[in-house]
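Asks: If you scroll down you'll find the structure; I have some questions about it.
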Amino acid sequence: MAVHTPMHSTVGGPLSYTHPSPLPPGTLVRVRLGTRPLLGVVWEAPPDAEPVPAHVQLRALDAVLPLPPLDATWLRLVAFAARYYQRSLGEIAMAGLPPALRSATPEQLAKRLQPPAPKKPPRKSARAAAEAAVEPVAALPAPPEAAVTLSAEQRGVVDQIAQHPGPFLLYGSTGSGKTEVYLRVVQRALEADPQAQALVMVPEINLTPQLQERFATRFAPLFGPQSVVSMHSGMTEVQRLKSWLAAHQGQARILLGTRMAVFASLPGLKVIVVDEEHDPSYKQEEGARYSARDLALWRGHASGAQVLLGSATPSLESWHASDPAVGRYLRLHMPSRIGAGALPRVRLVDMRQQPKRTVFAPPLLEAITARVQRGEQSLVLLNRRGFAPVLFCTDCGWKSDCPHCSAHQVFHKGDRSLRCHHCGHTQRVPPACPSCGNPDILPLGKGTEQLEEELARLLRNVQRPDGQPARVGRIDADTTRHKGALEAQLAQVHEGEIDVLVGTQMVAKGHDFRRITLVAAVQPDGALFSSDFRAPERLFCLLMQAAGRAGRDAGYVSDQGSQPEMWVQTAEPQHSVFTALRQHDYPAFAARQLQERHDAGMPPFAFQTLVRADAKTQAAAQDFLRAVSDAARQGQLPHLDDVFLYPPIPMTVQRVANVERAQMLIEAADRRALQRFLHAWQPWLHWVRSQPQYKGVVRWLMDVDPLSL
Ligand SMILES: Nc1ncnc2c1ncn2[C@@H]1O[C@H](COP(=O)(O)OP(=O)(O)OP(=O)(O)O)[C@@H](O)[C@H]1O
Ligand SMILES: [Zn+2]
């Protein structure tokens, strides 16, 4: 018989192989393409597949992996994602499987496999069944769920989720206890069915070791120490394979992971949680550019699993979909903080009233000082790492431009380097201006490294209640490069060893800090002038999330006699982003943004796709885009009248690593029309690219539902 397997990303459709006995779709196999041994997945033959002509000699499969086949929903998910994001089946299938599986032989796999979970456990309660399978239960503390009494809002939400199929958007304030809701919803699903599995997605798992721990502490006593596994890019290939196998075979009941986990094999999937659903990290920005949140919704629908999205600052897409007048998701609301804690009071500092080059306005510095003296912690947010974004020469105006990109090299003082954050090009700081020899080259602008240094200087005479000098720390991509560094630094903050933490967006979201009572955004204005229509949404969300790190422990705040505060230094204090922030009024902000988008015909009221072209010259990249645009018109593609093709333009950062980049936006009011158009257009892009003037000169990619323009 013929086996159709789409294992190779550049080959269009499935390939055919023979095997002595029929194999069900989803079976994992090893095959050979030319001389290359590869992993393959048995696929259903497409309905329009031509029978293999008699004279064609098919090759035999090399081996069948000793694993249960991937289930039908997984195969459909992969097929849907490939179609929707305009990628090949093989590429998505391989992206959805753990890399270690690609090279694993049946023998190696057999060694890894643990005995599968009992298929039909005796009719005991689910908990008893799960406990029976695990020995050390007695040694573990009693299930801690009894220790937490749900707030009235949490209870209300949990009850609604029990009575409705979903999908849900849980709109809950920062510190309203959304995690506890996730835990209850997951627990109920797993107790109701001993085969049930839950997928819990977080934007960046290494940013939330706390969440992992909470799930493990709660569920290990109930479902066994192996019941919670995780999946994210910080794991080794072997660890990922282990998690994948545990989920695939049903031993793992809860999979906690980043966007890649949306493709995990979970035959018993009954509930999907997408925490911080607004977070841009759910969008894969390389290769197959999928949105894990959107795929989670599709997967939930396809597999009959309940989907719960959660956020204090939902994406405008989800907010709109949960508008009762639209009604695609059920919106659930938890407005109050746990323990009746207050959201921080927002204080705007008008920087136009401050001397030029002020980094910390005096009242902000006083507020931070007072908190250090009372033993409270402060968080200073600046979304730019390094010491200064650029060095410049006071004489000739030379700037530290990257030789390979249309961007400045950032000055890092720690190792006295200039580093391009786009291509990674790194060099030593020159002793004098490379252009005119002037030894006076100065940093321009501020990064987190400089803020840390400056704060340490400003607070050098300030003491904590224990008489120790104030301690300033920093967390950003530079301080957390090494494995375990982030966890160690967060632990320092939680243990109170740091009084003032300087950080990027990395520390602004998700963390349950207990003793931070002040958060300050020192230079947020840059985002107000971006050309990307999503920039205000992103800024508002970042600031709301950052504000949400202050005053999370109502008991601590009142014991201290303190008041949580969020400070914002801005030259645009009247901007609607800040006025809405001041009221903590997400709905008002969202309503205004949605109205604007509606009037301008932008997402979520329209659907977009970007086509990007990379070439040696900007002209070649744009030429290619014009040619494919013309091809769409000449080819009279379906729905040509329903889609709008914008002219090609250079990308904001036009050149990266000596490659010129151009993009072209395609927009349509109707998602299906856009999809049909793209599908018909795809072969034309390949065809134009194969023409002599573009072959080897231009690379292109398509980004469906792009998140940044
Ligand atoms: N019912 C409860 N009783 C007591 N404490 C609770 C309860 N529910 C949650 N908490 C605690 O409240 C704090 C905030 O909860 P959680 O971290 O889940 O907030 P969140 O809604 O996810 O906030 P954010 O959006 O800021 O991440 C946590 O320390 C949590 O342990
Ligand atoms: Zn560069």
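Identifiers for the structure tokens are assigned positionally: chains receive A, B, ... in sequence, residues are indexed from 1 per chain, and ligands are indexed from 1 in the order shown.
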What does the list of residues within 8 Å of ligand 1 look like if you count only C-alpha atoms and all ligand atoms, written as a PDB file with C-alpha atoms, in the first residue's frame?
Replies:
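Result file is pocket_33.pdb:
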```
ATOM      1  CA  VAL A 148      -7.727  28.787  49.247  1.00  0.00           C
ATOM      2  CA  THR A 149     -11.261  30.061  49.520  1.00  0.00           C
ATOM      3  CA  LEU A 150     -12.342  31.529  46.237  1.00  0.00           C
ATOM      4  CA  SER A 151     -13.370  35.148  46.209  1.00  0.00           C
ATOM      5  CA  GLN A 154     -13.647  33.878  41.288  1.00  0.00           C
ATOM      6  CA  GLY A 172      -9.631  40.178  35.329  1.00  0.00           C
ATOM      7  CA  SER A 173      -7.660  42.997  36.915  1.00  0.00           C
ATOM      8  CA  THR A 174      -4.001  42.522  37.665  1.00  0.00           C
ATOM      9  CA  GLY A 175      -3.937  40.633  40.968  1.00  0.00           C
ATOM     10  CA  SER A 176      -7.578  39.514  40.728  1.00  0.00           C
ATOM     11  CA  GLY A 177      -6.538  35.869  41.004  1.00  0.00           C
ATOM     12  CA  LYS A 178      -6.920  34.611  37.456  1.00  0.00           C
ATOM     13  CA  THR A 179      -4.400  31.824  38.084  1.00  0.00           C
ATOM     14  CA  GLU A 180      -6.625  30.364  40.784  1.00  0.00           C
ATOM     15  CA  VAL A 181      -9.480  30.270  38.272  1.00  0.00           C
ATOM     16  CA  GLU A 276      -2.006  36.837  29.122  1.00  0.00           C
ATOM     17  CA  SER A 311      -5.887  38.950  30.577  1.00  0.00           C
ATOM     18  CA  ALA A 312      -6.135  42.214  32.472  1.00  0.00           C
ATOM     19  CA  ARG A 337      -8.061  42.613  43.437  1.00  0.00           C
ATOM     20  CA  ILE A 338      -7.717  39.762  45.918  1.00  0.00           C
ATOM     21  CA  GLY A 339      -8.016  41.008  49.488  1.00  0.00           C
ATOM     22  CA  LYS A 509       4.157  41.265  33.265  1.00  0.00           C
ATOM     23  CA  GLY A 510       2.922  38.191  35.069  1.00  0.00           C
ATOM     24  CA  HIS A 511       5.127  38.302  38.159  1.00  0.00           C
ATOM     25  CA  ASP A 512       3.410  38.146  41.515  1.00  0.00           C
ATOM     26  CA  ARG A 514       4.539  40.903  47.000  1.00  0.00           C
ATOM     27  CA  GLN A 545       0.586  45.417  33.318  1.00  0.00           C
ATOM     28  CA  GLY A 548      -0.305  45.737  38.105  1.00  0.00           C
ATOM     29  CA  ARG A 549       3.004  44.782  39.750  1.00  0.00           C
ATOM     30  CA  ARG A 552      -0.398  43.112  44.957  1.00  0.00           C
ATOM     31  CA  ASP A 553      -0.413  42.103  48.618  1.00  0.00           C
TER      32      ASP A 553
END
```
Asks: Residues within 8 Å of ligand 2 should be enumerated using only C-alpha atoms and all ligand atoms and returned as a ChimeraX atom specification.
Replies: /A:402-409,419-425,656-657
Asks: Residues of stretch 66-117 of chain A within 10 Å of stretch 674-692 of chain A: nearest atom pair and distance (Å, one decimal) for each, counting only C-alpha atoms, sorted by chain and number, as a Markdown table?
Replies:
```
| residue | atom | partner | partner_atom | distance |
| --- | --- | --- | --- | --- |
| A:Arg83 | CA | A:His679 | CA | 7.9 |
| A:Tyr84 | CA | A:Gln675 | CA | 7.0 |
| A:Tyr85 | CA | A:Gln675 | CA | 9.1 |
| A:Gln86 | CA | A:His679 | CA | 7.1 |
| A:Arg87 | CA | A:Gln682 | CA | 9.6 |
```
Asks: Compile a residue-level contact table for stretch 552-635 of chain A against stretch 342-363 of chain A at a cut-off of 12 Å, reporting for every qualifying residue the shortest atom pair and its distance in Å to one decimal, with only C-alpha atoms counted, rows ordered by chain and ascending number, as a tab-separated table.
Replies:
```
residue	atom	partner	partner_atom	distance
A:Arg552	CA	A:Leu343	CA	8.2
A:Asp553	CA	A:Ala342	CA	9.6
A:Ala554	CA	A:Ala342	CA	7.4
A:Gly555	CA	A:Ala342	CA	10.9
A:Val557	CA	A:Ala342	CA	9.4
A:Ser558	CA	A:Ala342	CA	10.3
A:Ser562	CA	A:Pro344	CA	10.7
A:Gln563	CA	A:Pro344	CA	7.2
A:Pro564	CA	A:Pro344	CA	4.5
A:Glu565	CA	A:Pro344	CA	4.4
A:Met566	CA	A:Val346	CA	4.7
A:Trp567	CA	A:Arg347	CA	4.8
A:Val568	CA	A:Leu348	CA	4.9
A:Gln569	CA	A:Val349	CA	4.7
A:Thr570	CA	A:Met351	CA	5.4
A:Ala571	CA	A:Met351	CA	4.9
A:Glu572	CA	A:Asp350	CA	7.3
A:Pro573	CA	A:Asp350	CA	6.1
A:Gln574	CA	A:Asp350	CA	9.4
A:His575	CA	A:Leu348	CA	10.9
A:Val577	CA	A:Leu348	CA	11.6
A:Phe578	CA	A:Leu348	CA	7.9
A:Thr579	CA	A:Leu348	CA	9.2
A:Ala580	CA	A:Val346	CA	10.2
A:Leu581	CA	A:Val346	CA	7.3
A:Arg582	CA	A:Val346	CA	5.1
A:Gln583	CA	A:Val346	CA	7.9
A:His584	CA	A:Leu343	CA	7.9
A:Asp585	CA	A:Leu343	CA	11.3
```
Asks: Mind writing the picked residues with N, CA and C atoms as a compact mmCIF listing (two decimals), in the first residue's frame?
Replies:
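Now in result-v1.txt:
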```txt
# COMPACT_ATOMS: atom_id res chain seq x y z
N ARG A 552 0.35 44.35 45.16
CA ARG A 552 -0.40 43.11 44.96
C ARG A 552 -0.80 42.45 46.25
N ASP A 553 -0.07 42.72 47.34
CA ASP A 553 -0.41 42.10 48.62
C ASP A 553 -1.10 43.15 49.49
N ALA A 554 -2.45 43.08 49.48
CA ALA A 554 -3.23 44.11 50.18
C ALA A 554 -2.86 44.16 51.66
N GLY A 555 -2.63 43.00 52.26
CA GLY A 555 -2.30 42.94 53.68
C GLY A 555 -0.99 43.67 53.96
N VAL A 557 0.44 45.99 52.14
CA VAL A 557 0.29 47.43 51.89
C VAL A 557 -0.34 48.11 53.09
N SER A 558 -1.38 47.48 53.67
CA SER A 558 -2.03 48.17 54.78
C SER A 558 -1.19 48.08 56.05
N SER A 562 1.00 52.00 53.59
CA SER A 562 1.49 52.54 52.33
C SER A 562 0.34 52.67 51.32
N GLN A 563 0.66 53.22 50.18
CA GLN A 563 -0.29 53.42 49.09
C GLN A 563 0.42 53.04 47.81
N PRO A 564 -0.06 52.05 47.07
CA PRO A 564 0.64 51.74 45.83
C PRO A 564 0.51 52.87 44.80
N GLU A 565 1.58 53.09 44.06
CA GLU A 565 1.57 54.17 43.06
C GLU A 565 2.22 53.72 41.77
N MET A 566 1.71 54.26 40.67
CA MET A 566 2.33 54.08 39.36
C MET A 566 2.68 55.48 38.85
N TRP A 567 3.97 55.70 38.61
CA TRP A 567 4.42 57.01 38.11
C TRP A 567 4.72 56.91 36.63
N VAL A 568 4.33 57.93 35.90
CA VAL A 568 4.65 57.97 34.48
C VAL A 568 5.24 59.33 34.16
N GLN A 569 6.46 59.34 33.66
CA GLN A 569 7.08 60.60 33.24
C GLN A 569 6.81 60.78 31.75
N THR A 570 6.15 61.85 31.38
CA THR A 570 5.80 62.02 29.98
C THR A 570 5.74 63.49 29.59
N ALA A 571 6.02 63.75 28.33
CA ALA A 571 5.86 65.10 27.79
C ALA A 571 4.49 65.24 27.14
N GLU A 572 3.68 64.19 27.20
CA GLU A 572 2.35 64.21 26.57
C GLU A 572 1.29 63.80 27.59
N PRO A 573 1.23 64.46 28.73
CA PRO A 573 0.35 63.96 29.79
C PRO A 573 -1.13 63.94 29.41
N GLN A 574 -1.50 64.70 28.37
CA GLN A 574 -2.93 64.75 27.99
C GLN A 574 -3.27 63.64 27.00
N HIS A 575 -2.28 62.83 26.59
CA HIS A 575 -2.54 61.78 25.61
C HIS A 575 -3.55 60.75 26.16
N VAL A 577 -3.80 57.66 25.95
CA VAL A 577 -3.24 56.46 26.59
C VAL A 577 -3.07 56.71 28.08
N PHE A 578 -2.58 57.90 28.42
CA PHE A 578 -2.29 58.17 29.84
C PHE A 578 -3.55 58.54 30.62
N THR A 579 -4.48 59.22 29.96
CA THR A 579 -5.70 59.56 30.71
C THR A 579 -6.48 58.28 31.03
N ALA A 580 -6.51 57.33 30.09
CA ALA A 580 -7.19 56.06 30.38
C ALA A 580 -6.44 55.28 31.46
N LEU A 581 -5.12 55.34 31.41
CA LEU A 581 -4.31 54.63 32.40
C LEU A 581 -4.62 55.16 33.80
N ARG A 582 -4.76 56.46 33.87
CA ARG A 582 -5.01 57.12 35.14
C ARG A 582 -6.27 56.58 35.81
N GLN A 583 -7.28 56.30 34.99
CA GLN A 583 -8.55 55.76 35.53
C GLN A 583 -8.53 54.23 35.59
N HIS A 584 -7.43 53.59 35.21
CA HIS A 584 -7.39 52.13 35.06
C HIS A 584 -8.56 51.69 34.18
N ASP A 585 -8.84 52.47 33.15
CA ASP A 585 -10.06 52.24 32.40
C ASP A 585 -9.76 51.57 31.06
```
Asks: From the list A:Arg214, A:Val228, A:Leu199, A:Leu539, which residue is nearest A:Ala296 when using only C-alpha atoms?
Replies: A:Leu199
Asks: Near A:Ala600, within 12 Å and counting only C-alpha atoms, which residues show up once chain neighbours fewer than 6 positions away are dropped, as a PyMOL selection string?
Replies: chain A and resi 533+593-594+606+669
Asks: What is the atom CA of A:Leu269-atom CA of A:His164 distance in Å, reported with one decimal?
Replies: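 Separation of atom CA of A:Leu269 and atom CA of A:His164: 17.2 Å.
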Asks: Select, from A:Ile205, A:Leu255, A:Ile368, A:Val519, the residue with the minimum atom-to-atom distance to A:Ser233, counting only C-alpha atoms.
Replies: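 Ranked by minimum distance to A:Ser233, first place goes to A:Ile205.
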Asks: Counting only C-alpha atoms, what is within 12 Å of A:Pro706, bar same-chain residues fewer than 5 positions away, as a ChimeraX atom specification?
Replies: /A:85,280,282-286,288-291,532-534,603-604,607-612,663-667,701
Asks: Would you export the selected residues with C-alpha atoms as an mmCIF file, in the first residue's frame, please?
Replies:
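Done, and the output landed in part_0.cif:
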```cif
data_model
loop_
_atom_site.group_PDB
_atom_site.id
_atom_site.type_symbol
_atom_site.label_atom_id
_atom_site.label_comp_id
_atom_site.auth_asym_id
_atom_site.auth_seq_id
_atom_site.Cartn_x
_atom_site.Cartn_y
_atom_site.Cartn_z
ATOM 1 C CA TYR A 85 -0.677 30.500 7.223
ATOM 2 C CA PRO A 280 2.717 39.360 21.327
ATOM 3 C CA TYR A 282 2.049 34.093 21.120
ATOM 4 C CA LYS A 283 2.860 35.063 17.568
ATOM 5 C CA GLN A 284 5.683 33.093 16.016
ATOM 6 C CA GLU A 285 7.787 35.595 14.072
ATOM 7 C CA GLU A 286 9.966 33.213 12.080
ATOM 8 C CA ALA A 288 5.609 29.557 9.910
ATOM 9 C CA ARG A 289 4.242 32.751 11.407
ATOM 10 C CA TYR A 290 1.328 31.344 13.359
ATOM 11 C CA SER A 291 -0.597 32.790 16.275
ATOM 12 C CA ASP A 532 2.297 51.034 13.684
ATOM 13 C CA PHE A 533 -1.414 51.337 14.417
ATOM 14 C CA ARG A 534 -1.047 48.858 17.269
ATOM 15 C CA PRO A 603 -8.266 44.957 12.359
ATOM 16 C CA PRO A 604 -10.337 43.536 13.942
ATOM 17 C CA PHE A 607 -7.942 41.286 7.872
ATOM 18 C CA GLN A 608 -4.377 41.755 6.815
ATOM 19 C CA THR A 609 -1.456 39.867 5.363
ATOM 20 C CA LEU A 610 2.034 41.150 4.770
ATOM 21 C CA VAL A 611 4.240 39.996 1.964
ATOM 22 C CA ARG A 612 7.853 40.761 2.621
ATOM 23 C CA GLN A 663 6.900 44.905 2.476
ATOM 24 C CA MET A 664 3.481 45.093 0.956
ATOM 25 C CA LEU A 665 0.222 45.044 2.864
ATOM 26 C CA ILE A 666 -2.830 43.144 1.640
ATOM 27 C CA GLU A 667 -6.119 43.962 3.305
ATOM 28 C CA LEU A 701 7.649 35.410 2.986
#
```
Asks: DSSP on the backbone, alpha helix (DSSP H) only: what residues of stretch 474-608 of chain A does that give? Format it as JSON, numbers by chain.
Replies: {"A": [485, 486, 487, 488, 489, 490, 491, 492, 493, 494, 535, 536, 537, 538, 539, 540, 541, 542, 543, 544, 545, 546, 547, 554, 555, 556, 557, 558, 559, 560, 576, 577, 578, 579, 580, 581, 582, 586, 587, 588, 589, 590, 591, 592, 593, 594, 595, 596, 597, 598, 599, 600]}
Asks: Between atom CA of A:Val202 and atom CA of A:Ala95, measure the distance and give it in Å to one decimal.
Replies: 18.6 Å
Asks: For a quick check of understanding, using only C-alpha atoms, which of A:Glu91, A:Ile475, A:Arg597, A:Arg592 has the smallest distance to A:Gln489?
Replies: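 Of all the options, A:Ile475 lies closest to A:Gln489.
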Asks: Please report, as a PDB file with C-alpha atoms, in the first residue's frame, each residue of stretch 30-267 of chain A to which DSSP assigns strand (DSSP E or B) when run on this structure's backbone.
Replies:
```pdb
ATOM      1  CA  ARG A  30      11.114   6.803   9.273  1.00  0.00           C
ATOM      2  CA  VAL A  31      11.628   7.176   5.541  1.00  0.00           C
ATOM      3  CA  ARG A  32      14.350   8.120   3.109  1.00  0.00           C
ATOM      4  CA  LEU A  33      14.335  11.071   0.731  1.00  0.00           C
ATOM      5  CA  ARG A  36      18.542  11.373   3.680  1.00  0.00           C
ATOM      6  CA  PRO A  37      16.790   9.547   6.509  1.00  0.00           C
ATOM      7  CA  LEU A  38      13.799  11.535   7.736  1.00  0.00           C
ATOM      8  CA  LEU A  39      10.901  11.473  10.114  1.00  0.00           C
ATOM      9  CA  GLY A  40       7.521  11.174   8.460  1.00  0.00           C
ATOM     10  CA  VAL A  41       3.865  11.175   9.409  1.00  0.00           C
ATOM     11  CA  TRP A  43      -1.221  11.131   6.012  1.00  0.00           C
ATOM     12  CA  ALA A  60       9.495   1.117   1.215  1.00  0.00           C
ATOM     13  CA  ALA A  63      10.645   1.814   9.955  1.00  0.00           C
ATOM     14  CA  VAL A  64       7.513   2.439  11.950  1.00  0.00           C
ATOM     15  CA  PHE A 168     -14.241  32.549  27.321  1.00  0.00           C
ATOM     16  CA  LEU A 169     -12.370  35.756  27.733  1.00  0.00           C
ATOM     17  CA  LEU A 170     -11.548  36.180  31.397  1.00  0.00           C
ATOM     18  CA  TYR A 171     -11.042  39.897  31.818  1.00  0.00           C
ATOM     19  CA  GLY A 172      -9.631  40.178  35.329  1.00  0.00           C
ATOM     20  CA  GLN A 197      -5.695  16.527  29.615  1.00  0.00           C
ATOM     21  CA  ALA A 198      -5.218  20.277  29.920  1.00  0.00           C
ATOM     22  CA  LEU A 199      -3.036  22.621  27.935  1.00  0.00           C
ATOM     23  CA  VAL A 200      -1.998  25.785  29.764  1.00  0.00           C
ATOM     24  CA  MET A 201      -0.148  28.335  27.691  1.00  0.00           C
ATOM     25  CA  VAL A 228       2.530  18.268  35.134  1.00  0.00           C
ATOM     26  CA  VAL A 229       5.066  18.676  32.330  1.00  0.00           C
ATOM     27  CA  SER A 230       6.272  21.709  30.462  1.00  0.00           C
ATOM     28  CA  MET A 231       7.410  22.574  26.974  1.00  0.00           C
ATOM     29  CA  ILE A 254      -1.286  19.029  32.320  1.00  0.00           C
ATOM     30  CA  LEU A 255       1.033  20.524  29.755  1.00  0.00           C
ATOM     31  CA  LEU A 256       2.355  23.980  30.555  1.00  0.00           C
ATOM     32  CA  GLY A 257       4.061  25.641  27.675  1.00  0.00           C
TER      33      GLY A 257
END
```
Asks: Between A:Pro324, A:Gly268, A:Pro66, A:Pro203, which is the closest to A:Gly304 once you count only C-alpha atoms?
Replies: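 Closest to A:Gly304, using only C-alpha atoms: A:Gly268.
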Asks: Of the candidates A:Leu245, A:Val493, A:Ala547, A:Val472, which shows the shortest atom-to-atom distance to A:Arg460, using only C-alpha atoms?
Replies: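 That would be A:Val472, the residue with the smallest distance to A:Arg460.
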Asks: Which polymer residues have any atom within 9 Å of an atom of A:Cys541, counting only C-alpha atoms, with same-chain residues fewer than 2 positions away left out, as number ranges by chain?
Replies: A: 278, 312-315, 536-539, 543-546, 586
